[in-house]
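Heads up, coords.cif below (mmCIF, C-alpha atoms):
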data_input
#
loop_
_atom_site.label_atom_id
_atom_site.label_comp_id
_atom_site.auth_asym_id
_atom_site.auth_seq_id
_atom_site.Cartn_x
_atom_site.Cartn_y
_atom_site.Cartn_z
CA MET A 1 29.43 23.77 38.79
CA SER A 2 29.90 21.44 41.76
CA PRO A 3 28.72 17.81 41.76
CA ALA A 4 25.24 17.11 43.07
CA ARG A 5 24.86 16.09 46.71
CA SER A 6 21.44 14.40 46.41
CA ASP A 7 19.52 11.52 44.89
CA PHE A 8 18.44 13.75 42.03
CA GLY A 9 20.70 12.18 39.38
CA PRO A 10 19.83 8.50 39.98
CA GLU A 11 16.12 9.32 40.26
CA LEU A 12 16.28 11.36 37.06
CA ARG A 13 17.79 8.39 35.24
CA ARG A 14 15.20 5.99 36.68
CA ARG A 15 12.28 8.17 35.64
CA ARG A 16 13.76 8.81 32.19
CA GLU A 17 14.25 5.10 31.52
CA GLU A 18 10.72 4.36 32.72
CA SER A 19 9.38 6.98 30.33
CA THR A 20 11.33 5.32 27.45
CA LEU A 21 12.91 8.68 26.59
CA SER A 22 16.47 8.39 25.37
CA LEU A 23 19.19 10.58 26.83
CA ALA A 24 19.35 12.54 23.55
CA ARG A 25 15.58 13.11 23.35
CA LEU A 26 15.28 14.39 26.90
CA ALA A 27 18.32 16.63 26.42
CA ASP A 28 16.77 18.12 23.28
CA ALA A 29 13.46 18.63 25.08
CA VAL A 30 15.05 20.84 27.75
CA HIS A 31 17.61 22.43 25.40
CA ILE A 32 20.83 21.13 26.96
CA SER A 33 23.55 18.87 25.58
CA LYS A 34 23.38 15.10 25.87
CA SER A 35 26.77 15.01 27.63
CA TYR A 36 25.64 17.55 30.25
CA LEU A 37 22.46 15.57 30.96
CA SER A 38 24.56 12.43 31.36
CA LYS A 39 26.73 14.21 33.93
CA ILE A 40 23.61 15.26 35.86
CA GLU A 41 22.36 11.66 35.93
CA ARG A 42 25.74 10.43 37.17
CA GLY A 43 25.90 13.08 39.89
CA LEU A 44 28.85 14.84 38.27
CA ALA A 45 26.96 18.09 37.64
CA THR A 46 24.23 19.96 39.48
CA PRO A 47 21.41 21.52 37.43
CA THR A 48 19.95 24.89 38.32
CA GLY A 49 16.62 24.97 40.09
CA ARG A 50 14.97 26.08 36.85
CA MET A 51 16.53 23.17 34.94
CA ALA A 52 15.38 20.74 37.64
CA LEU A 53 11.82 22.00 37.24
CA ALA A 54 12.07 21.63 33.46
CA LEU A 55 13.24 18.02 33.77
CA ASP A 56 10.51 17.37 36.33
CA ALA A 57 7.86 18.69 33.94
CA LYS A 58 9.12 16.71 30.92
CA LEU A 59 9.04 13.49 32.97
CA HIS A 60 5.64 14.35 34.53
CA ALA A 61 7.11 13.89 38.02
CA GLY A 62 4.68 16.29 39.71
CA GLY A 63 7.42 18.14 41.56
CA GLU A 64 8.80 15.03 43.27
CA LEU A 65 11.96 14.97 41.17
CA ALA A 66 12.73 18.69 41.59
CA ALA A 67 12.29 18.37 45.36
CA LEU A 68 15.27 15.97 45.49
CA LEU A 69 17.76 18.60 44.38
CA THR A 70 19.83 19.72 47.37
CA PRO A 71 21.54 23.07 46.85
CA GLY A 72 25.10 23.73 47.98
CA PRO A 73 26.19 26.49 50.34
CA ALA A 74 24.90 29.98 49.73
CA GLY A 75 27.94 30.93 47.68
CA GLU A 76 27.35 28.02 45.28
CA ARG A 77 23.70 28.70 44.50
CA ASN A 78 23.00 29.64 40.94
CA ARG A 79 22.53 33.26 40.04
CA ASP A 80 18.88 32.75 39.11
CA SER A 81 18.06 31.83 42.72
CA ALA A 82 20.06 34.76 44.04
CA ALA A 83 18.30 37.13 41.70
CA GLY A 84 14.92 35.80 42.73
CA ALA A 85 15.72 36.23 46.42
CA SER A 86 16.98 39.77 45.96
CA THR A 87 13.87 40.92 44.14
CA GLY A 88 11.39 38.95 46.21
CA ALA A 89 10.04 37.34 43.03
CA ALA A 90 8.69 33.81 43.27
CA SER A 91 10.11 31.32 40.76
CA TRP A 92 7.70 29.52 38.43
CA SER A 93 7.80 27.57 35.19
CA PHE A 94 5.44 26.98 32.29
CA HIS A 95 6.18 24.31 29.70
CA LEU A 96 4.34 24.07 26.40
CA HIS A 97 4.00 20.86 24.41
CA ASP A 98 3.61 20.58 20.64
CA ASP A 99 -0.10 19.89 20.93
CA GLY A 100 -0.74 23.13 22.80
CA GLU A 101 -1.02 21.60 26.28
CA GLY A 102 0.86 23.35 29.05
CA ASP A 103 2.17 22.52 32.51
CA PHE A 104 2.44 25.27 35.10
CA MET A 105 4.36 24.81 38.34
CA SER A 106 4.85 27.30 41.14
CA PRO A 107 7.15 26.58 44.11
CA GLY A 108 6.51 27.79 47.64
CA PRO A 109 8.17 31.19 48.23
CA ALA A 110 8.59 30.51 51.95
CA ALA A 111 10.76 27.49 51.23
CA SER A 112 12.86 29.53 48.82
CA GLU A 113 13.46 32.26 51.37
CA ALA A 114 14.48 29.70 53.96
CA GLY A 115 17.26 28.52 51.65
CA ARG A 116 15.74 25.10 50.97
CA ILE A 117 14.72 23.67 47.61
CA PRO A 118 11.21 24.99 46.87
CA THR A 119 8.30 22.63 47.30
CA VAL A 120 5.85 22.71 44.40
CA VAL A 121 2.68 24.20 45.84
CA ALA A 122 0.75 24.69 42.60
CA ARG A 123 0.72 22.58 39.48
CA SER A 124 -1.90 22.66 36.78
CA ALA A 125 -2.34 21.36 33.26
CA ILE A 126 -3.82 23.60 30.59
CA THR A 127 -5.59 21.85 27.74
CA PRO A 128 -6.14 23.92 24.60
CA ALA A 129 -9.67 24.64 23.50
CA SER A 130 -10.82 24.01 19.95
CA LEU A 131 -11.86 26.73 17.56
CA ASN A 132 -15.42 25.49 18.04
CA ASN A 133 -15.45 27.28 21.40
CA ALA A 134 -14.93 30.65 19.72
CA PRO A 135 -15.38 31.91 16.16
CA ALA A 136 -12.33 31.24 14.01
CA GLU A 137 -12.88 34.51 12.20
CA ALA A 138 -12.21 36.26 15.52
CA ILE A 139 -9.22 34.18 16.71
CA LEU A 140 -7.10 33.60 13.62
CA PRO A 141 -6.81 37.27 12.54
CA VAL A 142 -5.41 38.06 15.99
CA PHE A 143 -2.65 35.48 15.56
CA ARG A 144 -2.06 36.70 12.01
CA ALA A 145 -1.52 40.22 13.35
CA LEU A 146 0.64 38.81 16.15
CA PHE A 147 2.89 37.19 13.55
CA ASP A 148 3.46 40.54 11.85
CA GLU A 149 4.19 42.14 15.22
CA CYS A 150 6.67 39.37 16.13
CA ARG A 151 8.55 39.99 12.90
CA ARG A 152 8.51 43.71 13.58
CA LEU A 153 9.68 43.15 17.17
CA GLY A 154 12.51 41.01 15.85
CA GLN A 155 13.82 43.97 13.89
CA PHE A 156 14.68 46.06 16.94
CA SER A 157 15.12 43.54 19.76
CA GLY A 158 17.09 40.37 20.42
CA PRO A 159 16.00 36.74 19.94
CA ALA A 160 15.52 36.34 23.70
CA VAL A 161 12.55 38.72 23.46
CA VAL A 162 10.96 37.14 20.39
CA ILE A 163 11.51 33.38 20.80
CA PRO A 164 9.22 32.87 23.84
CA LEU A 165 6.39 34.62 21.97
CA SER A 166 6.83 32.73 18.71
CA VAL A 167 7.20 29.34 20.43
CA THR A 168 4.05 29.94 22.47
CA ALA A 169 2.10 30.99 19.40
CA THR A 170 3.26 27.89 17.51
CA ALA A 171 2.11 25.52 20.24
CA THR A 172 -1.16 27.38 20.82
CA LEU A 173 -2.08 27.34 17.14
CA ARG A 174 -1.30 23.63 16.94
CA GLY A 175 -3.58 23.07 19.91
CA LEU A 176 -6.44 24.98 18.27
CA ARG A 177 -6.77 22.34 15.56
CA ARG A 178 -8.69 20.00 17.86
CA GLY A 179 -12.31 19.38 16.92
CA THR A 180 -12.14 22.10 14.29
CA ALA A 181 -13.53 22.26 10.78
CA HIS A 182 -10.94 21.36 8.14
CA ALA A 183 -10.64 24.87 6.66
CA HIS A 184 -10.03 26.48 10.05
CA ARG A 185 -7.70 23.67 11.13
CA SER A 186 -5.59 24.15 8.01
CA ALA A 187 -5.46 27.90 8.57
CA ALA A 188 -4.36 27.44 12.19
CA LEU A 189 -1.68 24.90 11.30
CA GLY A 190 -0.48 26.97 8.34
CA LEU A 191 0.05 29.95 10.62
CA ALA A 192 1.71 27.70 13.22
CA ALA A 193 4.19 26.65 10.54
CA ARG A 194 5.03 30.31 9.84
CA PHE A 195 5.64 30.98 13.52
CA ALA A 196 7.84 27.87 13.73
CA GLU A 197 9.89 28.97 10.71
CA TYR A 198 10.41 32.41 12.21
CA THR A 199 11.42 30.79 15.50
CA GLY A 200 14.09 28.91 13.55
CA TRP A 201 15.40 32.17 12.12
CA MET A 202 15.52 33.74 15.56
CA TRP A 203 17.48 30.76 16.89
CA GLN A 204 19.97 31.24 14.06
CA GLU A 205 20.23 34.88 15.06
CA ALA A 206 20.84 33.69 18.63
CA GLY A 207 23.79 31.64 17.36
CA ASP A 208 22.27 28.18 17.95
CA ASP A 209 22.29 26.38 14.59
CA ARG A 210 21.05 23.12 16.10
CA ALA A 211 17.91 24.79 17.44
CA ALA A 212 17.54 26.68 14.15
CA ARG A 213 17.53 23.39 12.21
CA TYR A 214 15.07 21.80 14.62
CA TRP A 215 12.54 24.60 14.29
CA THR A 216 13.00 24.88 10.54
CA ASP A 217 12.38 21.13 10.19
CA HIS A 218 9.42 21.44 12.55
CA ALA A 219 7.95 24.17 10.35
CA ALA A 220 8.36 21.97 7.27
CA GLU A 221 6.63 19.05 9.03
CA ILE A 222 3.63 21.20 9.93
CA ALA A 223 3.54 22.71 6.43
CA GLU A 224 3.49 19.22 4.89
CA THR A 225 0.32 18.38 6.81
CA VAL A 226 -1.57 21.29 5.23
CA GLY A 227 0.01 21.08 1.78
CA ASP A 228 2.04 24.29 2.04
CA GLN A 229 4.75 23.24 -0.40
CA GLU A 230 6.18 26.75 -0.64
CA LEU A 231 7.10 26.72 3.03
CA VAL A 232 8.54 23.21 2.63
CA ALA A 233 10.72 24.56 -0.19
CA TYR A 234 11.63 27.62 1.86
CA ALA A 235 12.79 25.33 4.68
CA LEU A 236 15.41 23.97 2.27
CA LEU A 237 16.39 27.55 1.53
CA ARG A 238 16.84 28.20 5.24
CA GLN A 239 19.12 25.16 5.43
CA ALA A 240 21.10 26.66 2.56
CA GLU A 241 21.49 29.87 4.55
CA LEU A 242 22.84 27.96 7.53
CA ALA A 243 25.36 26.33 5.20
CA LEU A 244 26.28 29.72 3.75
CA TYR A 245 27.18 31.14 7.16
CA GLN A 246 29.32 28.07 7.79
CA ASP A 247 31.20 28.78 4.51
CA ASP A 248 29.97 25.50 3.04
CA SER A 249 29.65 26.68 -0.55
CA LEU A 250 28.81 23.30 -2.12
CA ALA A 251 26.00 22.58 0.37
CA THR A 252 24.69 26.12 -0.16
CA VAL A 253 24.43 25.57 -3.93
CA GLU A 254 22.91 22.08 -3.63
CA LEU A 255 20.27 23.07 -1.06
CA ALA A 256 19.38 26.24 -2.99
CA ARG A 257 18.91 24.21 -6.16
CA ALA A 258 16.70 21.72 -4.31
CA ALA A 259 14.59 24.59 -2.97
CA GLY A 260 14.23 26.13 -6.42
CA THR A 261 13.21 22.80 -7.91
CA ARG A 262 10.58 22.14 -5.24
CA ALA A 263 9.09 25.65 -5.18
CA ARG A 264 6.29 26.61 -7.55
CA GLY A 265 5.94 30.28 -6.66
CA LEU A 266 8.16 32.85 -8.31
CA ARG A 267 9.36 34.45 -5.07
CA ILE A 268 10.85 31.29 -3.53
CA ARG A 269 12.41 30.32 -6.86
CA ALA A 270 13.94 33.81 -7.03
CA LEU A 271 15.29 33.61 -3.48
CA ALA A 272 16.69 30.15 -4.27
CA ALA A 273 18.53 31.51 -7.33
CA GLN A 274 19.99 34.32 -5.24
CA ARG A 275 21.18 31.90 -2.55
CA GLU A 276 22.69 29.72 -5.26
CA ALA A 277 24.53 32.79 -6.56
CA GLN A 278 25.97 33.40 -3.10
CA GLY A 279 27.23 29.82 -3.01
CA TYR A 280 28.92 30.29 -6.38
CA ALA A 281 30.47 33.54 -5.13
CA LEU A 282 32.06 31.65 -2.24
CA LEU A 283 33.38 29.15 -4.79
CA GLY A 284 34.81 32.00 -6.87
CA ASP A 285 32.76 31.01 -9.95
CA GLU A 286 31.83 34.47 -11.28
CA ASP A 287 30.11 33.28 -14.46
CA ALA A 288 27.79 30.87 -12.64
CA CYS A 289 27.18 33.50 -9.97
CA ARG A 290 26.10 36.13 -12.49
CA ARG A 291 23.81 33.68 -14.30
CA ALA A 292 22.09 32.81 -11.04
CA LEU A 293 21.81 36.50 -10.09
CA ASP A 294 20.21 37.40 -13.43
CA HIS A 295 17.80 34.48 -13.15
CA GLY A 296 16.80 35.47 -9.62
CA ALA A 297 16.34 39.13 -10.55
CA GLY A 298 14.02 38.21 -13.43
CA LEU A 299 11.88 35.96 -11.24
CA LEU A 300 11.68 38.48 -8.41
CA ASP A 301 10.55 41.24 -10.79
CA GLN A 302 7.63 39.04 -11.87
CA SER A 303 6.59 37.87 -8.39
CA GLN A 304 3.52 39.33 -6.71
CA PRO A 305 2.32 39.38 -3.07
CA GLN A 306 -0.05 36.60 -2.05
CA PRO A 307 -3.63 37.79 -2.73
CA ASP A 308 -4.96 36.01 0.37
CA GLY A 309 -2.75 38.01 2.73
CA THR A 310 -0.50 35.05 3.57
CA PRO A 311 2.71 36.28 5.25
CA THR A 312 5.54 36.80 2.79
CA LEU A 313 8.33 34.26 3.12
CA GLY A 314 11.83 35.65 3.46
CA GLY A 315 13.08 39.05 4.52
CA THR A 316 11.04 42.09 3.56
CA GLN A 317 12.90 44.93 5.26
CA ILE A 318 15.67 45.46 2.68
CA PRO A 319 13.90 47.34 -0.13
CA ASP A 320 16.15 46.24 -3.03
CA LEU A 321 17.00 42.65 -2.19
CA THR A 322 18.39 42.04 -5.67
CA ALA A 323 20.96 44.83 -5.30
CA PHE A 324 21.89 43.69 -1.79
CA VAL A 325 22.55 40.07 -2.81
CA LYS A 326 24.44 41.17 -5.91
CA ALA A 327 26.63 43.45 -3.77
CA TRP A 328 27.20 40.57 -1.35
CA CYS A 329 28.41 38.42 -4.23
CA LEU A 330 30.56 41.11 -5.84
CA ARG A 331 32.42 41.72 -2.62
CA GLU A 332 33.11 37.99 -2.25
CA LEU A 333 34.31 37.92 -5.87
CA GLY A 334 36.86 40.66 -5.21
CA ARG A 335 34.91 43.62 -6.64
CA PRO A 336 34.38 45.76 -3.52
CA GLU A 337 34.08 49.08 -5.39
CA ASP A 338 31.08 47.76 -7.35
CA ALA A 339 29.58 46.42 -4.13
CA VAL A 340 29.91 49.85 -2.46
CA THR A 341 28.09 51.51 -5.36
CA LEU A 342 25.14 49.13 -5.03
CA LEU A 343 24.93 49.28 -1.24
CA ASP A 344 25.21 53.07 -1.04
CA THR A 345 21.94 53.52 -2.91
CA GLY A 346 19.74 51.46 -0.57
CA GLN A 347 20.88 52.29 2.94
CA ASP A 348 18.54 55.25 3.54
CA GLU A 349 15.48 53.32 2.29
CA ILE A 350 15.48 50.86 5.21
CA ALA A 351 12.75 51.64 7.76
CA PRO A 352 14.06 53.44 10.89
CA TYR A 353 12.80 50.72 13.23
CA ALA A 354 14.42 47.87 11.18
CA LEU A 355 17.70 47.82 13.09
CA ARG A 356 18.38 44.17 12.24
CA ALA A 357 18.08 44.79 8.49
CA ARG A 358 20.10 47.99 8.79
CA ALA A 359 22.86 46.20 10.71
CA ARG A 360 23.05 43.46 8.07
CA HIS A 361 23.15 46.00 5.22
CA SER A 362 25.65 48.28 6.99
CA ALA A 363 27.97 45.41 7.91
CA ARG A 364 28.26 44.41 4.26
CA LEU A 365 28.79 48.04 3.26
CA ALA A 366 31.55 48.49 5.86
CA LEU A 367 33.27 45.31 4.65
CA ALA A 368 33.15 46.50 1.05
CA LEU A 369 34.44 49.94 2.03
CA ALA A 370 37.34 48.44 3.95
CA ASP A 371 38.26 46.21 1.00
CA ALA A 372 38.01 49.20 -1.33
CA GLY A 373 40.43 51.19 0.84
CA GLU A 374 37.85 53.74 2.05
CA ILE A 375 38.95 53.38 5.65
CA GLU A 376 37.40 56.55 7.11
CA ARG A 377 33.94 55.67 5.81
CA ALA A 378 34.36 52.02 6.76
CA CYS A 379 35.04 53.07 10.36
CA GLU A 380 32.03 55.40 10.43
CA VAL A 381 29.70 52.66 9.24
CA ALA A 382 31.36 50.10 11.52
CA GLU A 383 30.54 52.19 14.58
CA SER A 384 26.87 52.23 13.64
CA VAL A 385 26.89 48.45 13.09
CA ALA A 386 28.52 47.83 16.48
CA HIS A 387 25.66 49.59 18.27
CA ASP A 388 22.92 47.95 16.17
CA VAL A 389 24.34 44.45 16.63
CA MET A 390 24.26 44.93 20.40
CA THR A 391 20.60 45.92 20.28
CA THR A 392 19.51 43.10 17.98
CA ASP A 393 21.93 40.45 19.32
CA SER A 394 22.38 39.11 15.80
CA ALA A 395 24.79 36.18 15.43
CA THR A 396 24.74 36.40 11.62
CA VAL A 397 25.69 40.08 11.64
CA ARG A 398 28.40 39.34 14.20
CA THR A 399 29.91 36.96 11.63
CA ASP A 400 30.34 39.90 9.26
CA VAL A 401 31.53 42.17 12.07
CA ARG A 402 34.29 39.70 12.95
CA GLN A 403 35.43 39.78 9.33
CA LEU A 404 35.31 43.56 9.51
CA ARG A 405 37.40 43.63 12.68
CA SER A 406 40.05 41.46 10.97
CA ALA A 407 40.06 43.66 7.87
CA LEU A 408 40.44 46.84 9.93
CA THR A 409 43.03 45.37 12.29
CA ARG A 410 45.35 45.00 9.32
CA ARG A 411 45.12 48.79 8.98
CA SER A 412 45.65 49.64 12.63
CA GLY A 413 48.12 52.36 11.70
CA HIS A 414 45.12 54.49 10.74
CA ALA A 415 43.83 56.69 13.58
CA ALA A 416 40.17 56.07 12.77
CA VAL A 417 40.77 52.34 12.96
CA ARG A 418 42.40 52.58 16.38
CA GLU A 419 39.41 54.55 17.64
CA VAL A 420 36.73 52.24 16.26
CA LEU A 421 38.27 48.85 17.15
CA PRO A 422 37.31 49.14 20.87
CA VAL A 423 33.76 50.02 19.76
CA ILE A 424 33.64 46.92 17.58
CA ALA A 425 35.05 44.75 20.38
CA ALA A 426 32.37 46.06 22.77
CA GLY A 427 29.65 45.39 20.20
CA LEU A 428 30.82 41.81 19.71
CA SER A 429 30.99 41.15 23.45
CA GLY A 430 27.63 42.78 24.19
CA ASP A 431 29.09 45.50 26.41
CA ALA A 432 27.97 49.10 26.15
CA ALA A 433 29.89 50.31 23.13
CA PRO A 434 31.71 53.64 23.58
CA ARG A 435 31.53 56.29 20.92
CA ALA A 436 34.64 56.58 18.81
CA ARG A 437 36.44 59.92 18.84
CA ARG A 438 36.88 61.20 15.34
CA GLY A 439 40.46 62.29 14.68
CA SER A 440 42.53 62.92 11.61
CA ALA A 441 43.96 60.07 9.57
CA ASP A 442 47.63 59.24 9.86
#
Please, can you express the file's structure as structure tokens?
Amino acid sequence: MSPARSDFGPELRRRREESTLSLARLADAVHISKSYLSKIERGLATPTGRMALALDAKLHAGGELAALLTPGPAGERNRDSAAGASTGAASWSFHLHDDGEGDFMSPGPAASEAGRIPTVVARSAITPASLNNAPAEAILPVFRALFDECRRLGQFSGPAVVIPLSVTATATLRGLRRGTAHAHRSAALGLAARFAEYTGWMWQEAGDDRAARYWTDHAAEIAETVGDQELVAYALLRQAELALYQDDSLATVELARAAGTRARGLRIRALAAQREAQGYALLGDEDACRRALDHGAGLLDQSQPQPDGTPTLGGTQIPDLTAFVKAWCLRELGRPEDAVTLLDTGQDEIAPYALRARARHSARLALALADAGEIERACEVAESVAHDVMTTDSATVRTDVRQLRSALTRRSGHAAVREVLPVIAAGLSGDAAPRARRGSAD
């Protein structure tokens, strides 16, 4: 991106310093790196028009800051502007704050068409109403149903579809606490914490661990205010999962233990024991792994759904979670045949719409099959995973698929492998994956 040719950078720095926001805090607020924001302030990088509007909103500049951005020649304009011009769509932005307030800005379409930086022609602030303005018994069940639908949507679509919905719901529910009776305020904040936690999971699926940690911590902070200690404990478990996917076995075990110690409910303690087992599997400690697996299985068998209809924490789409985690561990411990036996029994029980759960389950099955020397079947399952991972845009499943690609590449003399590797490569890159031609094995 070419350097800026305007006063945007110096004015951005002046307004940021006046607002007392640090470089790091403003960068986090608009979801860019601190180093990139520093380059913008020094005139070494030019933000997109959308980014300029976001910075303008965070600094409450009323459109004055965004108006300073001078675009380069037509060939240098960002693709967002080109797309907007080609479709005739006016650009606009809406920024939500943690307290539920929102800022809406709409630029003038005539200025955009003329090739100049848009002038903000409409800006409004939206202040959230309290639950006193409408019956809580009518509002909160709608958001409760929306949470279930967001989780369902996340099973067959990518994070880019789900995150805007879950972020908006989190901020809106936080805003509804104003002037509200304690019971309804607690219910609204408790549900906001669940949306925030799910947002963290979606960011992990999008491949952004920093954003995943932020939203997971945010969920724990909200949960603390309403005394939801199970969600606070589950936040530790989510941190353990992030460590697991970074192959940090010791941190996985320590965080899982901390979650199990803090949790009071059987389900979270069971999930903590299973995560601890996965950490031990990465360490190669089979005895400790099996003890943790047995402990988790016993707790999970005794756990019951929440009687008040509170959303269940953790994944619910894999019917036999105990068998899945055990198979995960056995494969890591060098027992792929046993892992295949366990995974084969649960694949058909996953709901047809749950593509994300199916991709996760199938990726582990394909890995176990490849390790067990069942190359034909591994390739068949791998093809299915490649298509599902494209649909769900799952970064965690892609981690397994990369392992699978490496395992199959070592067997590239096999015809089925040569046919499926381009399909896997397309799935990892997000391109339309071709169908593998089934031939005979060499």
- Message: Residue by residue, what does the PyMOL selection byres ((chain A and resi 217-219) around 8) grab here? Present the result as an MDAnalysis selection string.
- Response: chainID A and resid 192:197 213:216 220:223 231:232 235
- Item | Shortest interatomic distance to Gln274 in chain A - which of A:Gln304, A:Lys326, A:Thr48, A:Val226, counting only C-alpha atoms | A:Lys326
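All residues that come within 9 Å of the coordinates (33.0, 51.0, 14.3), counting only C-alpha atoms, are given as Ala366, Ala378, Cys379, Glu380, Val381, Ala382, Glu383, Ser384, Val385, Ala386, His387, Arg405, Ala416, Val417, Glu419, Val420, Leu421, Pro422, Val423, Ile424, Ala425, Gly427, Arg435 and Ala436 of chain A.
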- Item | Selected residue, from A:Cys150, A:Ile139, A:Leu236, A:Ala258, that lies nearest to Val167 in chain A when counting all atoms listed in the file | A:Cys150
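Take CA of Glu254 in chain A and CA of Glu230 in chain A: the distance between them is 17.6 Å.
Among the candidate residues A:Ala211, A:Leu313, A:Leu333, A:Leu365, the one lying nearest to Ala288 in chain A is A:Leu333, with distances computed using all atoms listed in the file.
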